[in-house]
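Taking it in order: structure first as structure tokens, then the write-up.
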Amino acid sequence: MATLLYRLGRVAFRWRWFVTLLWVAVLGAVGFAAAKAPAAPDDGFTMPGIESQRAFDLLEQRFPGTAADGASARIVFVAPNGEKVTATENKAAIEKLVTAAADGAQVASAVDPFAAKAVSKDASTAYSTVTFKVKADDLSGAAKTHLERAIDTARDAGLTVEVGGDALATQPAAGGSAEAIGIAIAAVVLLITFGSLAAAGLPLLTAILGVGISMSAVLALGSAFGLSETTGTLATMLGLACGIDYALFVVSRYREERQKGHAPREAAGLAAGTAGSAVVFAGLTVVIALAGLSVVGIPMLTKMGLAAAGAVLLSVLISLTLVPALLGFWPNAVLSRRERKKGMRRPNGENGGSRWARIVVRRPIPVLLLGVVGLGAMALPALDLQLGMPGDEAKSTSTTERRAYDDLAQGFGPGFNGPLTIVVDAKKADDAKSAVATVSKEIAATGGVVSVSPARFNSAGNTAVFSATPATSPTDEKTKQLVQTIRDERSDIESKASGASFEVTGTTALNIDVAQKVQDALIPYLALVVGLAIVLLLLVFRSLLVPLKAALGFLLSVLAALGAVVAVFQQGHGASLLGVDQTGPIMSLMPIFLVGIVFGLAMDYEVFLVSRMREAYVHGDGPGEAIVSGFRHSARVVVAAALIMMAVFSGFIGAGASMIKMIGFGLAVAVLFDAFVVRMAIVPAVLSLLGNKAWYLPSWLDRILPRMDVEGEALSRKVPVPTAGTPTAPLTPVP
């Protein structure tokens with residue numbers, strides 16, 4: 001492996017013009033294909049294998065056209081100063097708004113709340129639903145403006161008017177100034193780490209190129225494979241993260257080889273052969289984690305995982321070819337200013353990383369206990385984890401969607417914002433209407449159900465749908481229990497309904513089912529990615545205990561990060577500091593995202609850090625000195641990579657949406673815990689306690705496993721370190 005990549009690095013350095021133009025051509029070709037490709041169809045969010053999805057599919061089949069996902073606006077009216085919405089002036093203002101809304105462009109219908117009996121018992125609140133013929137993204141500006149003007153007219157009449165739904169929903173900022181600050185911090189970290197603008201800019205340049213190719217490929221293949229810009233979100237995030245990391249490690253190793261006295265082309269080859277080998281295996285662990293997302297069984301998540309895996313593989317290829325090629329153009333520019341002015345000097349024996357490693361090696365038990373106990377304490381809130389899908393209730397009170405949610409909850413009850421949809425299949429019933437009436441009556445009598453709506457039949461008269469309003473809010477644990485109770489009583493209810501069957505769906509039930517399916521898939525997903533990663537790390541480090549230690553450390557950091565997310569976003573500790581207006585359940589996909597993304601980054605740091613320890617051990621250092629040597633060469637770069645990722649992820653904390661805040665916070669905290677607590681403290685402490693046993697591999701297994709030579713042992717024999725004096729030859733241009 002090391003020898004092959006060494007040759008590849010030298011070839012890329014030598015043929016730098018060809019390699020660079022080849023990548024530019026790839027970007028141009030894929031970009032052209034993306035521009036000419038038809039838009040990908042929007043398949044929406046589907047979750048095969050759950051009851052909510054089966055019921056929704058039945059609705060589409062039996063009620064053709066009614067399941068269309070056109071935009072809607074739920075307009076909520078609240079009478080002023082204790083008045084009633086049924087008062088003459090208030091009623092006239094509401095009816096005027098409904099009439100005006102119905103005349104708007106792209107409007108399918110506007111419901112009169114008085115005709116539909118959509119008025120609260122105390123007559124303080126009413127609502128009207130305006131449905132459009134197109135999706136929210138396809139609404140014209142004129143259609144939105146027309147509805148907004150009608151709403152303003154009702155407000156001028158003295159009514160409090162708020163709007164829920166997706167038609168006029170505000171789009172929260174993705175990060176704003178905080179995200180820009182995060183990127184700026186990343187650039188500063190690179191500049192401080194390398195002391196060179198060229199060295200700082202090269203990882204950013206190659207990472208951006210990789211992301212550009214990845215996203216263009218997603219758009220180009222969108223219509224053929226059902227990919228979209230949403231599918232490429234994870235690919236963009238991880239392509240940028242891994243692209244910076246991988247290029248960072250190759251450039252850092254190149255500078256180190258130059259310090260040893262190697263010529264530029266030789267240094268590029270050695271960097272590709274050693275750091276490049278680590279990049280390959282680190283990239284493979286990320287690919288395993290992302291491809292493993294298919295285990296969850298969500299088509300959209302599977303596509304996102306595979307697209308992101310492709311982006312990571314592309315980052316690996318770029319770091320092995322384009323980075324050495326660009327180093328060929330500027331072989332000396334990536335060196336620090338002092339090195340360019342005074343010539344290369346050999347690195348001294350001590351730095352901050354080696355000094356910290358010596359402290360850990362001398363006192364491994366206190367460091368280990370402090371790290372494990374600290375992360376264990378942070379993980380405790382994860383025991384209270386509740387999964388769900390936060391809706392308007394999680395938005396800021398400054399948004400009209402949140403105020404509409406609160407007004408409806410106050411006027412009609414907390415469960416009104418999350419009604420359950422009951423789909424009754426009476427195709428086999430002798431008397432369809434009687435059977436549906438029986439199902440409706442039984443569900444209405446279930447504890448926790450406030451009311452049920454009249455049943456609505458399809459044109460064939462063999463299927464009906466009605467709503468059941470819970471007494472509790474959509475995210476309340478009692479609502480989840482109610483859904484389970486109705487389903488548990490299904491057999492008894494259906495036996496009374498003479499041949500009819502029913503299923504529970506709706507947004508609330510869908511969120512509950514998705515959360516349960518994701519929770520059930522989490523353990524198999526963890527077992528798959530961790531198991532495969534252990535096998536891969538076994539090949540890299542040729543050790544039984546090092547891969548096990550890496551996997552256990554990752555699990556500890558992920559649980560601690562999940563505990564921190566629960567503590568802030570579910571339990572509310574410090575939520576106000578992050579601008580979180582309302583606590584609630586953790587987004588259903590958050591644990592899966594956290595495991596997949598953090599696993600990839602954690603294994604990056606593990607491979608780069610421990611591979612240098614393994615390299616020193618193979619070359620003759622004792623166990624303790626190998627740890628110090630690994631930290632001397634890798635700690636600074638690993639810290640820089642972790643700080644960059646934390647800065648980028650922290651930018652999302654400044655977003656307007658609670659879910660985006662949650663993702664940014666969770667990923668930033670996870671990188672903090674894994675890089676600085678697990679990899680920088682727990683890993684060296686455990687390796688120090690294990691000593692030579694850390695690198696033990698049974699002889700029979702040693703004979704079976706292929707030798708990957710990640711540490712570059714073959715290269716050290718083939719390319720000896722120059723034996724010249726401490727100052728090397730003057731820096732000269734590369735031919």
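Ligands are numbered from 1 in the order shown, residues from 1 within each chain, and chains are lettered A, B, ... in the order they appear in the structure tokens.
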>> I need the residues in region 304-484 of chain A that are strand (DSSP E or B) according to DSSP; give them as an MDAnalysis selection string.
In response: chainID A and resid 387:388 420:425 449:452 456:457 463:470
>> Give me, as JSON, numbers by chain, the residues of region 254-414 of chain A that a backbone DSSP run labels alpha helix (DSSP H).
In response: {"A": [254, 255, 256, 257, 258, 259, 264, 265, 266, 267, 268, 269, 270, 271, 272, 273, 274, 275, 276, 277, 278, 279, 280, 281, 282, 283, 284, 285, 286, 287, 288, 289, 290, 291, 299, 300, 301, 302, 303, 304, 305, 306, 307, 308, 309, 310, 311, 312, 313, 314, 315, 316, 317, 318, 319, 320, 321, 322, 323, 324, 325, 326, 327, 328, 329, 337, 338, 339, 340, 341, 342, 352, 353, 354, 355, 356, 357, 358, 359, 360, 361, 362, 364, 365, 366, 367, 368, 369, 370, 371, 372, 373, 374, 375, 376, 377, 378, 379, 400, 401, 402, 403, 404, 405, 406, 407, 408, 409, 410, 411, 412]}
>> At a cut-off of 12 Å, using only C-alpha atoms, what residues contact Leu369 (chain A)? Leave out same-chain residues fewer than 2 positions from it and give the result as a VMD selection string.
In response: chain A and resid 360 363 to 367 371 to 377 677 to 678 681 to 683 685 to 686
Can I get the selected residues back with N, CA, C and O atoms, as an mmCIF file, in the first residue's frame?
data_model
loop_
_atom_site.group_PDB
_atom_site.id
_atom_site.type_symbol
_atom_site.label_atom_id
_atom_site.label_comp_id
_atom_site.auth_asym_id
_atom_site.auth_seq_id
_atom_site.Cartn_x
_atom_site.Cartn_y
_atom_site.Cartn_z
ATOM 1 N N VAL A 360 0.853 12.160 30.119
ATOM 2 C CA VAL A 360 -0.126 11.070 30.141
ATOM 3 C C VAL A 360 0.561 9.736 30.397
ATOM 4 O O VAL A 360 0.060 8.902 31.158
ATOM 5 N N ARG A 363 1.337 9.428 34.059
ATOM 6 C CA ARG A 363 0.171 9.332 34.944
ATOM 7 C C ARG A 363 -1.046 8.832 34.162
ATOM 8 O O ARG A 363 -2.057 9.539 34.044
ATOM 9 N N PRO A 364 -0.990 7.625 33.631
ATOM 10 C CA PRO A 364 -2.091 7.157 32.776
ATOM 11 C C PRO A 364 -3.396 6.903 33.532
ATOM 12 O O PRO A 364 -4.476 7.162 33.003
ATOM 13 N N ILE A 365 -3.306 6.396 34.768
ATOM 14 C CA ILE A 365 -4.532 6.030 35.494
ATOM 15 C C ILE A 365 -5.386 7.248 35.832
ATOM 16 O O ILE A 365 -6.598 7.258 35.564
ATOM 17 N N PRO A 366 -4.812 8.322 36.425
ATOM 18 C CA PRO A 366 -5.651 9.504 36.692
ATOM 19 C C PRO A 366 -6.254 10.099 35.420
ATOM 20 O O PRO A 366 -7.422 10.510 35.415
ATOM 21 N N VAL A 367 -5.468 10.158 34.344
ATOM 22 C CA VAL A 367 -5.980 10.712 33.088
ATOM 23 C C VAL A 367 -7.121 9.851 32.548
ATOM 24 O O VAL A 367 -8.167 10.357 32.118
ATOM 25 N N GLY A 371 -11.037 11.079 32.261
ATOM 26 C CA GLY A 371 -11.688 11.113 30.952
ATOM 27 C C GLY A 371 -12.930 10.250 30.896
ATOM 28 O O GLY A 371 -13.987 10.683 30.424
ATOM 29 N N VAL A 372 -12.835 9.009 31.401
ATOM 30 C CA VAL A 372 -13.976 8.089 31.340
ATOM 31 C C VAL A 372 -15.112 8.569 32.236
ATOM 32 O O VAL A 372 -16.290 8.573 31.837
ATOM 33 N N VAL A 373 -14.790 8.982 33.456
ATOM 34 C CA VAL A 373 -15.832 9.450 34.377
ATOM 35 C C VAL A 373 -16.490 10.722 33.846
ATOM 36 O O VAL A 373 -17.718 10.880 33.910
ATOM 37 N N GLY A 374 -15.697 11.631 33.295
ATOM 38 C CA GLY A 374 -16.257 12.866 32.756
ATOM 39 C C GLY A 374 -17.206 12.617 31.601
ATOM 40 O O GLY A 374 -18.327 13.146 31.572
ATOM 41 N N LEU A 375 -16.790 11.786 30.648
ATOM 42 C CA LEU A 375 -17.669 11.480 29.523
ATOM 43 C C LEU A 375 -18.869 10.655 29.967
ATOM 44 O O LEU A 375 -19.980 10.828 29.438
ATOM 45 N N GLY A 376 -18.654 9.772 30.935
ATOM 46 C CA GLY A 376 -19.774 8.988 31.453
ATOM 47 C C GLY A 376 -20.833 9.873 32.091
ATOM 48 O O GLY A 376 -22.038 9.661 31.908
ATOM 49 N N ALA A 377 -20.390 10.876 32.829
ATOM 50 C CA ALA A 377 -21.341 11.806 33.449
ATOM 51 C C ALA A 377 -22.093 12.595 32.383
ATOM 52 O O ALA A 377 -23.306 12.839 32.508
ATOM 53 N N VAL A 677 -10.753 14.541 24.327
ATOM 54 C CA VAL A 677 -10.834 13.693 25.520
ATOM 55 C C VAL A 677 -10.447 12.254 25.183
ATOM 56 O O VAL A 677 -9.577 11.667 25.829
ATOM 57 N N VAL A 678 -11.084 11.700 24.142
ATOM 58 C CA VAL A 678 -10.822 10.291 23.820
ATOM 59 C C VAL A 678 -9.456 10.127 23.152
ATOM 60 O O VAL A 678 -8.595 9.400 23.652
ATOM 61 N N ALA A 681 -6.421 11.962 25.272
ATOM 62 C CA ALA A 681 -6.209 11.611 26.679
ATOM 63 C C ALA A 681 -6.422 10.120 26.932
ATOM 64 O O ALA A 681 -5.522 9.415 27.401
ATOM 65 N N ILE A 682 -7.619 9.620 26.606
ATOM 66 C CA ILE A 682 -7.929 8.225 26.922
ATOM 67 C C ILE A 682 -7.078 7.270 26.096
ATOM 68 O O ILE A 682 -6.546 6.272 26.621
ATOM 69 N N VAL A 683 -6.906 7.542 24.804
ATOM 70 C CA VAL A 683 -6.132 6.634 23.943
ATOM 71 C C VAL A 683 -4.688 6.483 24.422
ATOM 72 O O VAL A 683 -4.209 5.352 24.625
ATOM 73 N N ALA A 685 -3.471 7.059 27.331
ATOM 74 C CA ALA A 685 -3.479 6.461 28.670
ATOM 75 C C ALA A 685 -3.661 4.949 28.585
ATOM 76 O O ALA A 685 -2.951 4.176 29.253
ATOM 77 N N VAL A 686 -4.598 4.496 27.759
ATOM 78 C CA VAL A 686 -4.846 3.052 27.615
ATOM 79 C C VAL A 686 -3.639 2.370 26.987
ATOM 80 O O VAL A 686 -3.202 1.298 27.443
#
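Separating CA of Met587 (chain A) from CA of Met659 (chain A) is a distance of 6.9 Å.
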> Mind pulling up the distance from CA of Lys478 (chain A) to CA of Ile422 (chain A)?
Replying inline: 18.1 Å
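Minimum distance to Val76 (chain A) across A:Asn351, A:Leu209, A:Tyr405, A:Asn90 (counting only C-alpha atoms) occurs at A:Tyr405.
Summary of the local environment: counting only C-alpha atoms, residues at most 8 Å from Ser467 (chain A), other than itself and those fewer than 3 positions away along its chain, are Pro419, Leu420, Thr421, Ile422, Val452, Ser453, Pro454 and Ala455 of chain A.
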> From the list A:Ala626, A:Ala460, A:Leu59, A:Ala468, which residue is nearest Ala444 (chain A) when using only C-alpha atoms?
Replying inline: A:Ala468
>> Need the shell around region 127-132 of chain A: protein/DNA/RNA residues with any atom at most 7 Å away, counting only C-alpha atoms. Skip same-chain ones fewer than 4 positions apart. Format as number ranges by chain?
In response: A: 70-77, 106-113, 118-119
Atoms kept (N, CA and C atoms) for selection, written as a tab-separated table (two decimals), in the first residue's frame:
chain	number	residue	atom	x	y	z
A	70	GLY	N	-50.13	19.75	-1.90
A	70	GLY	CA	-50.19	21.18	-2.18
A	70	GLY	C	-49.97	21.98	-0.92
A	71	ALA	N	-49.49	23.21	-1.10
A	71	ALA	CA	-49.23	24.08	0.05
A	71	ALA	C	-50.54	24.42	0.75
A	72	SER	N	-50.44	24.73	2.03
A	72	SER	CA	-51.63	25.13	2.79
A	72	SER	C	-51.26	26.19	3.80
A	73	ALA	N	-52.24	26.98	4.15
A	73	ALA	CA	-52.07	28.00	5.19
A	73	ALA	C	-53.24	27.88	6.15
A	74	ARG	N	-52.95	27.67	7.41
A	74	ARG	CA	-54.00	27.63	8.43
A	74	ARG	C	-54.02	28.99	9.11
A	75	ILE	N	-55.06	29.75	8.84
A	75	ILE	CA	-55.16	31.11	9.36
A	75	ILE	C	-55.98	31.08	10.65
A	76	VAL	N	-55.38	31.53	11.73
A	76	VAL	CA	-56.00	31.48	13.05
A	76	VAL	C	-56.45	32.89	13.45
A	77	PHE	N	-57.71	33.00	13.86
A	77	PHE	CA	-58.29	34.29	14.27
A	77	PHE	C	-58.56	34.26	15.77
A	106	GLN	N	-53.59	30.43	-7.78
A	106	GLN	CA	-53.12	29.10	-7.38
A	106	GLN	C	-53.86	28.53	-6.18
A	107	VAL	N	-54.96	29.15	-5.75
A	107	VAL	CA	-55.72	28.68	-4.60
A	107	VAL	C	-56.71	27.61	-5.04
A	108	ALA	N	-56.72	26.48	-4.33
A	108	ALA	CA	-57.68	25.41	-4.61
A	108	ALA	C	-58.97	25.61	-3.81
A	109	SER	N	-58.83	26.00	-2.54
A	109	SER	CA	-60.02	26.21	-1.71
A	109	SER	C	-59.67	27.03	-0.48
A	110	ALA	N	-60.67	27.71	0.06
A	110	ALA	CA	-60.54	28.45	1.31
A	110	ALA	C	-61.79	28.16	2.13
A	111	VAL	N	-61.63	27.59	3.30
A	111	VAL	CA	-62.75	27.10	4.10
A	111	VAL	C	-63.28	28.19	5.03
A	112	ASP	N	-64.59	28.39	5.02
A	112	ASP	CA	-65.24	29.32	5.94
A	112	ASP	C	-65.32	28.65	7.31
A	113	PRO	N	-64.69	29.21	8.35
A	113	PRO	CA	-64.69	28.56	9.66
A	113	PRO	C	-66.08	28.42	10.27
A	118	ALA	N	-65.41	25.46	12.59
A	118	ALA	CA	-64.04	25.55	13.08
A	118	ALA	C	-63.90	26.72	14.04
A	119	VAL	N	-64.77	26.72	15.04
A	119	VAL	CA	-64.80	27.77	16.06
A	119	VAL	C	-64.70	27.11	17.42
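Reported to one decimal place, the separation of CA of Leu290 (chain A) from CA of Ile213 (chain A) is 18.6 Å.
The list of residues with at least one atom within 10 Å of Thr485 (chain A), based on only C-alpha atoms and without residues fewer than 5 positions apart in the same chain, reads Ile443, Thr446, Gly447, Gly448, Thr479, Lys480 and Arg490 of chain A.
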